[in-house]
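Colleague: Contents of final_15.cif (mmCIF, C-alpha atoms and all ligand atoms):
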```cif
data_coords
loop_
_atom_site.label_atom_id
_atom_site.label_comp_id
_atom_site.auth_asym_id
_atom_site.auth_seq_id
_atom_site.Cartn_x
_atom_site.Cartn_y
_atom_site.Cartn_z
CA MET A 530 83.81 -53.73 37.71
CA SER A 531 86.10 -50.77 38.29
CA GLU A 532 83.95 -48.58 36.01
CA LYS A 533 80.89 -49.63 37.99
CA LYS A 534 82.67 -48.87 41.27
CA ASP A 535 83.27 -45.33 40.03
CA TRP A 536 79.65 -44.41 39.44
CA LEU A 537 78.53 -46.32 42.54
CA THR A 538 80.78 -44.27 44.82
CA GLY A 539 78.89 -41.06 44.17
CA ALA A 540 75.45 -42.63 43.76
CA GLY A 541 72.41 -42.12 46.00
CA THR A 542 71.37 -44.60 48.68
CA ASN A 543 68.75 -46.48 46.70
CA THR A 544 71.01 -46.70 43.65
CA LYS A 545 73.80 -48.08 45.83
CA LEU A 546 71.53 -50.63 47.49
CA CYS A 547 70.44 -51.90 44.06
CA HIS A 548 73.97 -52.44 42.76
CA ILE A 549 76.44 -53.09 45.58
CA GLY A 550 77.70 -56.54 46.49
CA HIS A 551 77.48 -58.45 43.23
CA ASP A 552 78.72 -57.81 39.74
CA PRO A 553 76.43 -59.67 37.29
CA SER A 554 79.25 -59.90 34.73
CA SER A 555 81.21 -62.01 37.23
CA TYR A 556 78.59 -64.78 37.01
CA HIS A 557 77.17 -65.18 33.50
CA GLY A 558 75.09 -61.99 33.76
CA PHE A 559 72.76 -63.26 36.45
CA VAL A 560 71.44 -60.28 38.42
CA ASN A 561 71.86 -62.05 41.77
CA PRO A 562 74.90 -63.97 43.07
CA PRO A 563 74.83 -67.78 43.16
CA ILE A 564 74.14 -69.50 46.48
CA VAL A 565 77.43 -71.35 46.88
CA LYS A 566 77.20 -74.14 49.43
CA ALA A 567 80.67 -75.44 50.11
CA SER A 568 83.20 -77.02 52.38
CA THR A 569 85.88 -78.28 49.95
CA VAL A 570 87.31 -76.05 47.24
CA LEU A 571 89.50 -77.91 44.74
CA PHE A 572 92.96 -76.81 43.64
CA ALA A 573 94.29 -77.58 40.17
CA THR A 574 97.66 -78.86 41.41
CA ALA A 575 99.44 -79.71 44.66
CA GLU A 576 101.77 -76.77 44.08
CA SER A 577 98.89 -74.28 43.87
CA MET A 578 97.85 -75.37 47.37
CA ASP A 579 101.19 -74.69 49.06
CA PRO A 580 100.86 -71.80 49.65
CA PRO A 581 97.26 -71.37 48.40
CA GLN A 582 97.29 -69.49 45.11
CA GLN A 583 93.58 -68.96 44.58
CA LYS A 584 90.93 -66.64 45.95
CA TYR A 585 88.77 -69.34 47.56
CA THR A 586 90.40 -72.08 49.63
CA TYR A 587 87.78 -73.57 51.98
CA GLY A 588 84.11 -72.96 52.77
CA THR A 589 84.75 -71.38 56.17
CA ARG A 590 87.06 -68.80 54.57
CA GLY A 591 84.37 -67.24 52.40
CA THR A 592 82.46 -68.00 49.22
CA PRO A 593 81.17 -65.83 46.35
CA THR A 594 77.84 -65.55 48.24
CA THR A 595 79.27 -64.44 51.58
CA ASP A 596 81.74 -62.16 49.79
CA ALA A 597 78.86 -60.47 47.95
CA LEU A 598 77.18 -59.66 51.26
CA CYS A 599 80.44 -58.53 52.92
CA GLU A 600 81.26 -56.25 49.99
CA ALA A 601 77.78 -54.72 50.12
CA ILE A 602 78.05 -54.09 53.87
CA ASP A 603 81.54 -52.61 53.46
CA ALA A 604 80.15 -50.22 50.84
CA LEU A 605 77.40 -49.11 53.24
CA GLU A 606 79.58 -48.88 56.35
CA GLY A 607 82.70 -47.46 54.70
CA SER A 608 84.63 -50.28 56.37
CA ALA A 609 87.83 -52.15 55.49
CA GLY A 610 86.26 -55.54 56.15
CA THR A 611 83.12 -57.24 57.43
CA ILE A 612 82.52 -60.61 59.12
CA ILE A 613 79.23 -62.51 59.06
CA LEU A 614 77.92 -64.14 62.22
CA PRO A 615 74.97 -66.43 63.00
CA SER A 616 73.12 -63.78 65.04
CA GLY A 617 73.16 -60.14 66.02
CA LEU A 618 74.16 -61.14 69.54
CA ALA A 619 77.24 -62.92 68.17
CA ALA A 620 78.11 -59.70 66.34
CA ILE A 621 78.61 -58.15 69.78
CA THR A 622 80.20 -61.04 71.66
CA VAL A 623 82.75 -62.05 68.99
CA PRO A 624 84.47 -58.64 68.72
CA PHE A 625 84.50 -58.44 72.53
CA LEU A 626 86.38 -61.76 72.55
CA ALA A 627 88.63 -60.62 69.70
CA PHE A 628 89.76 -57.38 71.35
CA LEU A 629 89.55 -57.97 75.12
CA SER A 630 92.03 -59.96 77.23
CA HIS A 631 92.39 -61.06 80.84
CA GLY A 632 93.06 -58.00 83.01
CA ASP A 633 91.43 -55.52 80.61
CA HIS A 634 88.72 -53.06 81.53
CA ALA A 635 85.77 -52.34 79.24
CA LEU A 636 83.20 -49.57 79.48
CA VAL A 637 79.77 -50.68 78.29
CA VAL A 638 76.77 -48.38 78.00
CA ASP A 639 74.12 -49.16 80.62
CA SER A 640 71.32 -49.07 77.99
CA VAL A 641 73.04 -51.90 76.08
CA TYR A 642 71.06 -54.69 74.41
CA ASP A 643 70.32 -56.87 77.44
CA PRO A 644 71.70 -60.23 76.19
CA ALA A 645 75.03 -58.45 75.57
CA ARG A 646 75.04 -57.44 79.24
CA HIS A 647 74.48 -61.07 80.16
CA PHE A 648 77.55 -62.05 78.10
CA CYS A 649 79.64 -59.39 79.87
CA ASP A 650 78.46 -60.44 83.32
CA THR A 651 79.10 -64.14 82.73
CA MET A 652 81.70 -65.10 80.09
CA LEU A 653 83.73 -61.89 80.07
CA LYS A 654 83.79 -61.91 83.84
CA ARG A 655 84.97 -65.54 83.88
CA LEU A 656 87.75 -64.64 81.44
CA GLY A 657 88.96 -61.90 83.79
CA VAL A 658 87.71 -58.85 81.88
CA GLU A 659 86.26 -56.16 84.12
CA VAL A 660 83.15 -54.55 82.67
CA GLU A 661 81.85 -51.25 84.00
CA TYR A 662 78.52 -49.82 82.86
CA TYR A 663 78.25 -46.11 82.15
CA ASP A 664 75.46 -43.56 81.75
CA PRO A 665 74.42 -43.27 78.06
CA THR A 666 74.25 -39.48 78.44
CA ILE A 667 77.74 -39.24 80.00
CA GLY A 668 79.34 -37.47 77.01
CA ALA A 669 82.75 -35.99 77.89
CA GLY A 670 82.36 -37.39 81.42
CA ILE A 671 83.54 -40.75 80.05
CA GLU A 672 87.12 -39.51 80.49
CA ALA A 673 86.88 -39.85 84.28
CA LEU A 674 86.00 -43.55 83.91
CA ILE A 675 88.88 -44.45 81.63
CA ARG A 676 91.71 -46.38 83.28
CA PRO A 677 95.15 -47.31 81.98
CA ASN A 678 93.79 -50.79 81.13
CA THR A 679 90.57 -49.62 79.44
CA LYS A 680 90.65 -51.28 76.02
CA LEU A 681 87.11 -50.88 74.74
CA VAL A 682 84.20 -48.45 75.00
CA HIS A 683 81.01 -50.10 73.75
CA THR A 684 78.18 -47.84 72.61
CA GLU A 685 74.63 -48.30 71.41
CA SER A 686 72.68 -45.25 70.26
CA PRO A 687 69.78 -44.98 70.70
CA GLY A 688 69.88 -47.34 73.68
CA SER A 689 67.79 -50.52 73.74
CA ASN A 690 64.19 -49.91 74.87
CA THR A 691 64.82 -46.54 76.55
CA LEU A 692 66.42 -44.98 73.41
CA GLU A 693 68.93 -42.65 75.07
CA MET A 694 71.13 -40.91 72.49
CA GLN A 695 74.91 -40.95 72.83
CA ASP A 696 77.38 -38.34 71.61
CA ILE A 697 79.43 -40.81 69.58
CA ARG A 698 81.95 -38.27 68.29
CA ILE A 699 82.94 -37.09 71.77
CA LEU A 700 83.17 -40.67 73.03
CA THR A 701 85.45 -41.77 70.18
CA GLU A 702 87.68 -38.72 70.54
CA ILE A 703 88.23 -39.33 74.24
CA ALA A 704 88.56 -43.12 73.97
CA HIS A 705 91.14 -42.85 71.19
CA ARG A 706 93.15 -40.27 73.10
CA HIS A 707 93.51 -42.92 75.83
CA GLY A 708 94.24 -45.78 73.45
CA ALA A 709 90.85 -47.49 73.76
CA LEU A 710 88.77 -48.77 70.85
CA VAL A 711 85.11 -47.91 70.35
CA SER A 712 82.47 -50.38 69.20
CA MET A 713 78.89 -49.51 68.36
CA ASP A 714 75.74 -51.59 68.09
CA ASN A 715 74.09 -49.64 65.25
CA THR A 716 71.15 -51.98 64.70
CA TRP A 717 68.50 -49.29 65.23
CA ALA A 718 69.72 -46.79 62.64
CA THR A 719 71.44 -49.13 60.17
CA PRO A 720 74.30 -47.57 58.17
CA LEU A 721 71.66 -45.76 56.10
CA TYR A 722 70.74 -43.42 58.96
CA PHE A 723 74.03 -43.37 60.87
CA ARG A 724 77.49 -44.41 59.71
CA PRO A 725 79.49 -45.25 62.85
CA LEU A 726 82.91 -45.29 61.17
CA ASP A 727 82.40 -41.71 59.92
CA PHE A 728 82.08 -40.70 63.58
CA GLY A 729 85.32 -42.40 64.63
CA VAL A 730 83.89 -45.77 65.70
CA ASP A 731 86.31 -48.67 65.11
CA LEU A 732 83.86 -51.60 65.05
CA SER A 733 80.30 -51.26 63.77
CA MET A 734 77.90 -54.04 64.73
CA GLN A 735 74.59 -54.80 63.11
CA ALA A 736 71.89 -57.36 63.82
CA SER A 737 71.10 -58.15 60.17
CA THR A 738 68.18 -60.06 61.65
CA LYS A 739 66.37 -56.72 61.86
CA TYR A 740 66.12 -54.28 58.92
CA PRO A 741 68.69 -55.81 56.55
CA ALA A 742 66.81 -59.16 56.52
CA GLY A 743 63.53 -57.36 57.06
CA HIS A 744 61.12 -60.29 57.01
CA SER A 745 61.44 -61.99 60.43
CA ASP A 746 62.86 -65.15 58.87
CA ILE A 747 66.65 -64.78 59.21
CA LEU A 748 69.12 -64.63 62.10
CA MET A 749 72.41 -62.99 61.21
CA GLY A 750 74.86 -60.37 62.41
CA THR A 751 77.71 -58.42 60.85
CA VAL A 752 80.72 -56.64 62.30
CA SER A 753 82.47 -54.08 60.12
CA ALA A 754 85.93 -52.83 61.05
CA ASN A 755 88.10 -49.91 60.06
CA ALA A 756 91.51 -50.65 58.50
CA ALA A 757 93.34 -50.66 61.85
CA CYS A 758 91.02 -53.21 63.48
CA TRP A 759 90.30 -55.40 60.48
CA PRO A 760 93.32 -57.78 60.75
CA THR A 761 92.58 -58.61 64.41
CA LEU A 762 88.87 -59.08 63.80
CA LYS A 763 89.47 -61.28 60.77
CA ALA A 764 92.07 -63.37 62.61
CA ALA A 765 89.74 -63.98 65.58
CA TYR A 766 86.92 -64.93 63.21
CA GLY A 767 89.12 -67.49 61.49
CA ALA A 768 90.58 -68.80 64.74
CA MET A 769 87.13 -69.44 66.22
CA GLY A 770 85.92 -71.32 63.15
CA LEU A 771 83.06 -68.94 62.48
CA CYS A 772 81.49 -68.48 59.08
CA GLY A 773 78.27 -67.28 57.46
CA SER A 774 75.64 -69.49 55.87
CA ALA A 775 75.26 -69.15 52.09
CA GLU A 776 71.47 -69.11 52.02
CA ASP A 777 71.09 -66.60 54.82
CA SER A 778 73.77 -64.36 53.29
CA TYR A 779 71.85 -64.46 50.03
CA MET A 780 68.62 -63.54 51.83
CA VAL A 781 70.19 -60.62 53.70
CA LEU A 782 71.70 -59.29 50.47
CA ARG A 783 68.26 -59.59 48.91
CA GLY A 784 66.79 -57.68 51.86
CA LEU A 785 69.32 -54.87 51.42
CA ARG A 786 67.96 -54.07 47.96
CA THR A 787 64.71 -52.76 49.46
CA MET A 788 66.01 -51.61 52.84
CA ALA A 789 65.91 -47.87 52.16
CA VAL A 790 62.36 -48.06 50.81
CA ARG A 791 61.22 -50.11 53.79
CA LEU A 792 63.04 -47.94 56.32
CA ALA A 793 61.50 -44.75 54.93
CA HIS A 794 58.05 -46.28 55.38
CA HIS A 795 58.83 -47.58 58.90
CA ASP A 796 60.22 -44.14 59.78
CA ARG A 797 57.23 -42.17 58.48
CA SER A 798 54.63 -44.42 60.11
CA ALA A 799 56.49 -44.65 63.43
CA ARG A 800 56.80 -40.86 63.70
CA GLU A 801 53.12 -40.43 62.91
CA ILE A 802 52.13 -42.96 65.57
CA ALA A 803 54.62 -41.54 68.11
CA GLN A 804 53.10 -38.05 67.72
CA TRP A 805 49.61 -39.45 67.97
CA LEU A 806 50.55 -41.32 71.16
CA GLU A 807 52.19 -38.27 72.67
CA ALA A 808 48.93 -36.31 72.46
CA ARG A 809 46.99 -38.90 74.49
CA ASP A 810 46.12 -38.59 78.20
CA ASP A 811 46.59 -42.32 78.77
CA VAL A 812 50.23 -42.08 77.61
CA ALA A 813 52.70 -40.66 80.15
CA SER A 814 55.55 -40.18 77.65
CA VAL A 815 56.86 -41.33 74.29
CA LEU A 816 60.52 -42.30 73.92
CA HIS A 817 61.31 -41.56 70.27
CA PRO A 818 64.46 -39.63 69.26
CA ALA A 819 62.68 -37.78 66.43
CA LEU A 820 60.20 -36.17 68.84
CA PRO A 821 61.32 -32.66 69.86
CA SER A 822 60.20 -33.47 73.43
CA PHE A 823 62.69 -36.34 73.71
CA PRO A 824 65.84 -35.46 75.75
CA GLY A 825 68.22 -36.85 73.09
CA HIS A 826 66.44 -35.17 70.19
CA ALA A 827 69.12 -32.54 69.46
CA LEU A 828 71.85 -35.20 69.24
CA TRP A 829 69.70 -37.34 66.97
CA LYS A 830 68.95 -34.39 64.73
CA ARG A 831 72.62 -33.41 64.54
CA ASP A 832 74.02 -36.86 63.75
CA PHE A 833 71.31 -39.11 62.26
CA LYS A 834 69.73 -39.07 58.81
CA GLY A 835 66.50 -40.76 59.87
CA ALA A 836 64.70 -42.78 62.50
CA SER A 837 63.62 -46.39 62.33
CA GLY A 838 60.35 -48.02 63.29
CA LEU A 839 61.25 -48.96 66.85
CA PHE A 840 60.39 -46.84 69.90
CA SER A 841 58.77 -47.09 73.31
CA PHE A 842 56.04 -45.36 75.24
CA VAL A 843 54.93 -45.26 78.86
CA LEU A 844 51.35 -46.34 79.48
CA ALA A 845 50.17 -43.98 82.24
CA GLU A 846 49.76 -45.77 85.60
CA ASN A 847 50.59 -44.37 89.03
CA ASP A 848 50.71 -47.61 90.98
CA PRO A 849 53.85 -49.71 90.24
CA THR A 850 52.12 -52.84 91.54
CA ARG A 851 49.64 -52.49 88.65
CA PHE A 852 52.19 -51.88 85.84
CA LYS A 853 52.18 -55.48 84.65
CA LEU A 854 48.42 -55.89 84.86
CA ARG A 855 47.79 -52.79 82.77
CA ALA A 856 50.51 -53.56 80.24
CA HIS A 857 49.28 -57.12 79.77
CA ALA A 858 45.67 -55.96 79.25
CA PHE A 859 46.94 -53.52 76.61
CA LEU A 860 49.00 -56.13 74.76
CA ASN A 861 46.38 -58.88 74.92
CA ALA A 862 43.78 -56.66 73.23
CA LEU A 863 45.96 -56.01 70.16
CA GLN A 864 44.95 -57.88 67.03
CA ILE A 865 47.40 -56.59 64.37
CA PHE A 866 50.45 -56.03 66.57
CA GLY A 867 52.01 -59.37 67.42
CA ILE A 868 53.43 -60.02 70.90
CA GLY A 869 56.99 -61.16 70.29
CA TRP A 870 60.70 -60.43 70.52
CA SER A 871 62.89 -59.00 67.81
CA TRP A 872 61.90 -56.37 65.25
CA GLY A 873 62.80 -55.00 61.83
CA GLY A 874 60.39 -57.26 59.93
CA TYR A 875 57.44 -56.07 57.86
CA GLU A 876 54.92 -56.73 60.65
CA SER A 877 54.17 -54.69 63.75
CA LEU A 878 55.10 -55.97 67.20
CA ALA A 879 54.53 -54.88 70.79
CA VAL A 880 56.20 -56.08 74.00
CA VAL A 881 56.77 -54.99 77.57
CA ALA A 882 60.28 -53.49 77.34
CA ASN A 883 62.99 -55.57 78.99
CA VAL A 884 65.03 -53.20 81.17
CA GLY A 885 65.73 -55.59 84.04
CA GLY A 886 69.48 -55.36 84.50
CA ARG A 887 69.89 -51.58 84.43
CA THR A 888 71.91 -49.89 87.14
CA ILE A 889 71.99 -46.32 85.74
CA ALA A 890 69.69 -45.86 82.73
CA LYS A 891 66.51 -46.74 84.61
CA PRO A 892 63.16 -46.75 82.81
CA PRO A 893 60.53 -44.08 83.60
CA THR A 894 58.46 -44.69 86.75
CA THR A 895 55.24 -43.18 85.40
CA GLY A 896 53.90 -46.50 84.08
CA PRO A 897 54.89 -49.68 82.25
CA LEU A 898 57.24 -49.23 79.30
CA ILE A 899 55.90 -50.73 76.09
CA ARG A 900 58.08 -51.14 73.02
CA LEU A 901 56.54 -50.90 69.58
CA GLN A 902 57.97 -52.02 66.26
CA ILE A 903 55.93 -50.22 63.62
CA GLY A 904 55.70 -52.45 60.58
CA LEU A 905 54.64 -51.74 57.01
CA GLU A 906 50.89 -51.92 57.65
CA ASP A 907 48.73 -48.81 57.15
CA VAL A 908 48.91 -46.30 59.99
CA VAL A 909 45.11 -45.98 60.39
CA ASP A 910 44.82 -49.71 60.98
CA LEU A 911 47.65 -49.68 63.50
CA GLN A 912 46.06 -46.75 65.34
CA ALA A 913 42.73 -48.57 65.48
CA ASP A 914 44.56 -51.57 66.91
CA LEU A 915 46.32 -49.49 69.55
CA GLU A 916 42.93 -47.95 70.46
CA ARG A 917 41.77 -51.49 71.28
CA GLY A 918 44.77 -51.79 73.61
CA PHE A 919 44.09 -48.49 75.38
CA GLU A 920 40.43 -49.34 75.79
CA ALA A 921 41.28 -52.68 77.41
CA ALA A 922 44.02 -51.13 79.59
CA ALA A 923 41.56 -48.49 80.86
CA LYS A 924 39.27 -51.25 82.16
CA VAL A 925 41.73 -52.95 84.53
C1 LIG A 1001 68.00 -57.82 68.27
C2 LIG A 1001 69.20 -57.06 68.64
C3 LIG A 1001 70.44 -57.67 68.67
C4 LIG A 1001 70.62 -59.16 68.48
O1 LIG A 1001 70.18 -59.67 67.28
P1 LIG A 1001 69.82 -61.23 67.15
O2 LIG A 1001 70.06 -61.52 65.72
O3 LIG A 1001 68.38 -61.34 67.56
O4 LIG A 1001 70.74 -61.98 68.05
C5 LIG A 1001 71.53 -56.91 68.97
N1 LIG A 1001 71.43 -55.60 69.23
C6 LIG A 1001 70.24 -54.98 69.20
C7 LIG A 1001 70.18 -53.52 69.50
C8 LIG A 1001 69.09 -55.68 68.93
O5 LIG A 1001 67.91 -55.07 68.96
#
```
If you took the structure in this file and wrote it as C-alpha cells, what would it be?
Modeller:
Amino acid sequence: MSEKKDWLTGAGTNTKLCHIGHDPSSYHGFVNPPIVKASTVLFATAESMDPPQQKYTYGTRGTPTTDALCEAIDALEGSAGTIILPSGLAAITVPFLAFLSHGDHALVVDSVYDPARHFCDTMLKRLGVEVEYYDPTIGAGIEALIRPNTKLVHTESPGSNTLEMQDIRILTEIAHRHGALVSMDNTWATPLYFRPLDFGVDLSMQASTKYPAGHSDILMGTVSANAACWPTLKAAYGAMGLCGSAEDSYMVLRGLRTMAVRLAHHDRSAREIAQWLEARDDVASVLHPALPSFPGHALWKRDFKGASGLFSFVLAENDPTRFKLRAHAFLNALQIFGIGWSWGGYESLAVVANVGGRTIAKPPTTGPLIRLQIGLEDVVDLQADLERGFEAAAKV
C-alpha cells in the first residue's frame, strides 16, 4: 500500500480517481471494496474490547466500505478526515452544529444553497446562534462584519442559482486573523476543479448526490476537515450517532472513478450552450463563470481549474408580472430537459431558479431566471430542445 501511495501522490487526476480509496490486495485482489453491512463487530476476547484493540468496533464507527470512500475523498480534498452524511444538506448543517454554540455569530453568504438558509433561520436561531448574511462579492469588506464572537464564515462559490464568485483566499485570510473558521460548500466545482483546503478553507462540504454519485440515484454528503478541525468534526459526528450507508458509499466511490471524464463532458457542453444562449436576442443574460462577460469571470479563471454543467440564464421579459408565465411556457415545451430539482446526474434538467430568501444577492430583474443542468446528451439535441422552449415562450 505504501508503494502505491507514493506513485498515487504525483499522479494525474484520472489516474488518482481510478486507484484511490481501495487497495485490492487488502481484500483478496478484488478491484472494488466489499459492501460491508454491519452493526455488531466481534472481538476475539473480552480483554481486546476494553479498551478496543481493533480497527473496527461498531457499524456506526466506520466499515471497510465507508473507509474506502472517506480515504478517496481525503485524497481528493487534501483533508485530514472526512465524514459521510445522508444528504448534501446534512453536510452543511452538521458542521454548523459541530462548530457553533449559543451566543456565537456566523457570517453566511447570501447566495447560499437555500435549504441551508432555512436551517440557519430556524434551528440555528432557536439554539441562539446569530446568523448574518453577507454579499458574495464582499471580498476584503468582510472584515467590517466580523465581531468578537464571529466563529464561522460560510462560503459557497459560485453561489447557488446566481453563481456569484467569491474570493476565497481573502476571506480565509481575514477570518483566520480574527479567529473564525471558514467552511465552503464546494458542490459546484468538486475538488477536481477547486480544492478549498488549498485556499485556506477549514471545512469543505460536498453534496455527493451531485457529480460524485452522478446518476440521480443517491443522496449523500461529505464534510472534509483540515487537521485542526478534524477532531471536533469527528467527535460531533460520533456524538450525534451519524453514519454512512454501505451501499450508497459503494455507489459514490464507483461514481468517483468516472467523475473527471463526466465533468469534462458536462463542462464542454455547458460552455458551448452558454455561449450559444448568450448570442440570442430572447436571452437577457447568461450567468456562467466561464463566460468572459460574467462579473466573477476573472476570479473563476484565477482560482478554478474548470466549470461544471450547472448555470443559469435570464429569459428576456420586461414585465415582472409575466415572468412566471413565460418561464413555465419555456419549461413545459422541453422534451429532453427534465423539470426537476437537484443536478449532477447524466441527464439534463431545467427549473425556475429558487432565489426567494435573498436579501442582498438579488437575481436579475430583466426576466425569469432559469437554471440549467447540462447532462451528457449531445449538444445539438439539447440546443434543439431549448429552441422548442424559446419558441413556446415567444408565444405567451
Ligand atoms: C443540492 C445541493 C446541496 C444539497 O444536496 P442534497 O444531497 O440534495 O441534500 C447542497 N449544496 C448545494 C450547492 C447543492 O446544489
Colleague: Could the residues that lie within 8 Å of ligand LIG 1001 (chain A), counting all atoms listed in the file, be listed as a list in words?
Modeller: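 Those within range of ligand LIG 1001 (chain A) are Pro615, Ser616, Gly617, Leu618, Ala619, Ala620, Ile621, Val641, Tyr642, Pro644, Ala645, Glu685, Gly688, Ser689, Asp714, Asn715, Thr716, Trp717, Gln735, Ala736, Ser737, Thr738, Lys739, Leu748, Met749, Gly750, Ser871 and Trp872 of chain A.
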Colleague: Taking all atoms listed in the file into account, which of A:Phe625, A:Trp805, A:Phe648, A:Tyr662 comes nearest Val752 (chain A)?
Modeller: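 Using all atoms listed in the file, Val752 (chain A) sits closest to A:Phe625.
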Colleague: Determine the nearest neighbour of His707 (chain A) from the options A:Asp535, A:Asp664, A:Glu672, A:Glu693, counting all atoms listed in the file.
Modeller: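 The shortest atom-to-atom distance to His707 (chain A) comes from A:Glu672.
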Colleague: CA of Leu710 (chain A) and CA of Thr684 (chain A) are how many Å apart?
Modeller: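 For CA of Leu710 (chain A) relative to CA of Thr684 (chain A), the distance reads 10.8 Å.
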Colleague: Counting all atoms listed in the file, which of A:Leu692, A:Ala764, A:Val638, A:Leu839 gets nearest to Thr888 (chain A)?
Modeller: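 Answer, going by the shortest atom-to-atom distance: A:Val638.
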Colleague: Counting only C-alpha atoms, figure out which residue out of A:Pro818, A:Pro665, A:Gly591, A:Gly873 gets nearest to Ser745 (chain A).
Modeller: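 Residue with the minimum atom-to-atom distance to Ser745 (chain A): A:Gly873.
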Colleague: Using all atoms listed in the file, pick whichever of A:Ile612, A:Leu782, A:Leu820, A:Val637 has the shortest atom-to-atom distance to Val711 (chain A).
Modeller: A:Val637
Colleague: Please report the interatomic distance between CA of Ala862 (chain A) and CA of Gly918 (chain A) in Å with one decimal.
Modeller: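 Pair CA of Ala862 (chain A) / CA of Gly918 (chain A) returns 5.0 Å.
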Colleague: Kindly extract all protein, DNA and RNA residues lying within 9 Å of the coordinates (80.6, -62.0, 50.7) given in the file, considering only C-alpha atoms, and supply them as a short mmCIF file (atom, residue, chain, number, x, y, z; two decimals) with C-alpha atoms, keeping the file's coordinate frame.
Modeller:
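Result file follows (selection-v4.cif):
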```cif
data_model
loop_
_atom_site.label_atom_id
_atom_site.label_comp_id
_atom_site.auth_asym_id
_atom_site.auth_seq_id
_atom_site.Cartn_x
_atom_site.Cartn_y
_atom_site.Cartn_z
CA GLY A 550 77.70 -56.54 46.49
CA HIS A 551 77.48 -58.45 43.23
CA GLY A 591 84.37 -67.24 52.40
CA THR A 592 82.46 -68.00 49.22
CA PRO A 593 81.17 -65.83 46.35
CA THR A 594 77.84 -65.55 48.24
CA THR A 595 79.27 -64.44 51.58
CA ASP A 596 81.74 -62.16 49.79
CA ALA A 597 78.86 -60.47 47.95
CA LEU A 598 77.18 -59.66 51.26
CA CYS A 599 80.44 -58.53 52.92
CA GLU A 600 81.26 -56.25 49.99
CA ALA A 601 77.78 -54.72 50.12
CA ILE A 602 78.05 -54.09 53.87
CA THR A 611 83.12 -57.24 57.43
CA ILE A 612 82.52 -60.61 59.12
CA ILE A 613 79.23 -62.51 59.06
CA GLY A 773 78.27 -67.28 57.46
CA SER A 778 73.77 -64.36 53.29
#
```
Colleague: Just the number, please: distance in Å from CA of Ile699 (chain A) to CA of Trp829 (chain A), one decimal.
Modeller: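 Taking CA of Ile699 (chain A) and CA of Trp829 (chain A), their separation equals 14.1 Å.
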Colleague: Which region 808-879 of chain A residues have any atom within 8 Å of an atom of region 788-797 of chain A, and for each, what is the nearest pair of atoms with distance in Å to one decimal, counting all atoms listed in the file, rows sorted by chain and number, as CSV?
Modeller:
```
residue,atom,partner,partner_atom,distance
A:Gly835,CA,A:Asp796,CA,7.1
A:Ala836,CA,A:Asp796,CA,5.4
A:Ser837,CA,A:Asp796,CA,4.8
A:Gly838,CA,A:His795,CA,4.7
```
Colleague: Would you save the residues from that selection as a PDB file, keeping the file's coordinate frame, using C-alpha atoms?
Modeller:
```pdb
ATOM      1  CA  GLY A 835      66.500 -40.760  59.870  1.00  0.00           C
ATOM      2  CA  ALA A 836      64.700 -42.780  62.500  1.00  0.00           C
ATOM      3  CA  SER A 837      63.620 -46.390  62.330  1.00  0.00           C
ATOM      4  CA  GLY A 838      60.350 -48.020  63.290  1.00  0.00           C
TER       5      GLY A 838
END
```
Colleague: So, counting all atoms listed in the file, which residue among A:Arg783, A:Ile899, A:Met694, A:Asp811 is closest to Val560 (chain A)?
Modeller: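 Closest residue, counting all atoms listed in the file: A:Arg783.
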Colleague: With a distance cut-off of 12 Å and all atoms listed in the file, select the neighbouring residues of Ile802 (chain A), excluding the residue or stretch itself and same-chain residues fewer than 6 positions from it, and output the selection as a PyMOL selection string.
Modeller: chain A and resi 795-796+808-809+815-817+819-820+838-842+901-904+907-916
Colleague: Compile the contact shell of Thr538 (chain A) as a list in words: residues with an atom at most 10 Å away, counting all atoms listed in the file, same-chain residues fewer than 4 positions apart removed.
Modeller: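 Near neighbours after the sequence-gap exclusion: Lys533, Lys534, Lys545, Ile549 and Ala604 of chain A.
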Colleague: Just the residues within 12 Å of region 679-683 of chain A, please, counting all atoms listed in the file, with nothing from its chain fewer than 6 positions along; format it as a PyMOL selection string.
Modeller: chain A and resi 621-622+624-642+645-646+649+658-665+671-673+695+697+699-715+730-734
Colleague: Is it possible to get the axis-aligned box enclosing region 805-809 of chain A (all listed atoms, 5 Å extra per side) as JSON, with centre and edge lengths in Å rounded to one decimal?
Modeller:
```
{"center_x": 49.6, "center_y": -38.8, "center_z": 71.2, "size_x": 15.2, "size_y": 15.0, "size_z": 16.5}
```
Colleague: Return region 778-786 of chain A, completed with N, CA and C atoms, as a PDB file, in the coordinates of the input.
Modeller:
```pdb
ATOM      1  N   SER A 778      73.061 -65.509  53.867  1.00  0.00           N
ATOM      2  CA  SER A 778      73.770 -64.360  53.290  1.00  0.00           C
ATOM      3  C   SER A 778      73.035 -63.864  52.051  1.00  0.00           C
ATOM      4  N   TYR A 779      72.601 -64.812  51.243  1.00  0.00           N
ATOM      5  CA  TYR A 779      71.850 -64.460  50.030  1.00  0.00           C
ATOM      6  C   TYR A 779      70.585 -63.684  50.408  1.00  0.00           C
ATOM      7  N   MET A 780      69.881 -64.168  51.423  1.00  0.00           N
ATOM      8  CA  MET A 780      68.620 -63.540  51.830  1.00  0.00           C
ATOM      9  C   MET A 780      68.843 -62.135  52.400  1.00  0.00           C
ATOM     10  N   VAL A 781      69.934 -61.955  53.147  1.00  0.00           N
ATOM     11  CA  VAL A 781      70.190 -60.620  53.700  1.00  0.00           C
ATOM     12  C   VAL A 781      70.578 -59.658  52.575  1.00  0.00           C
ATOM     13  N   LEU A 782      71.360 -60.139  51.611  1.00  0.00           N
ATOM     14  CA  LEU A 782      71.700 -59.290  50.470  1.00  0.00           C
ATOM     15  C   LEU A 782      70.433 -58.908  49.705  1.00  0.00           C
ATOM     16  N   ARG A 783      69.541 -59.848  49.572  1.00  0.00           N
ATOM     17  CA  ARG A 783      68.260 -59.590  48.910  1.00  0.00           C
ATOM     18  C   ARG A 783      67.467 -58.533  49.689  1.00  0.00           C
ATOM     19  N   GLY A 784      67.489 -58.651  51.029  1.00  0.00           N
ATOM     20  CA  GLY A 784      66.790 -57.680  51.860  1.00  0.00           C
ATOM     21  C   GLY A 784      67.365 -56.272  51.708  1.00  0.00           C
ATOM     22  N   LEU A 785      68.683 -56.184  51.544  1.00  0.00           N
ATOM     23  CA  LEU A 785      69.320 -54.870  51.420  1.00  0.00           C
ATOM     24  C   LEU A 785      68.786 -54.070  50.233  1.00  0.00           C
ATOM     25  N   ARG A 786      68.411 -54.771  49.173  1.00  0.00           N
ATOM     26  CA  ARG A 786      67.960 -54.070  47.960  1.00  0.00           C
ATOM     27  C   ARG A 786      66.794 -53.140  48.236  1.00  0.00           C
TER      28      ARG A 786
END
```
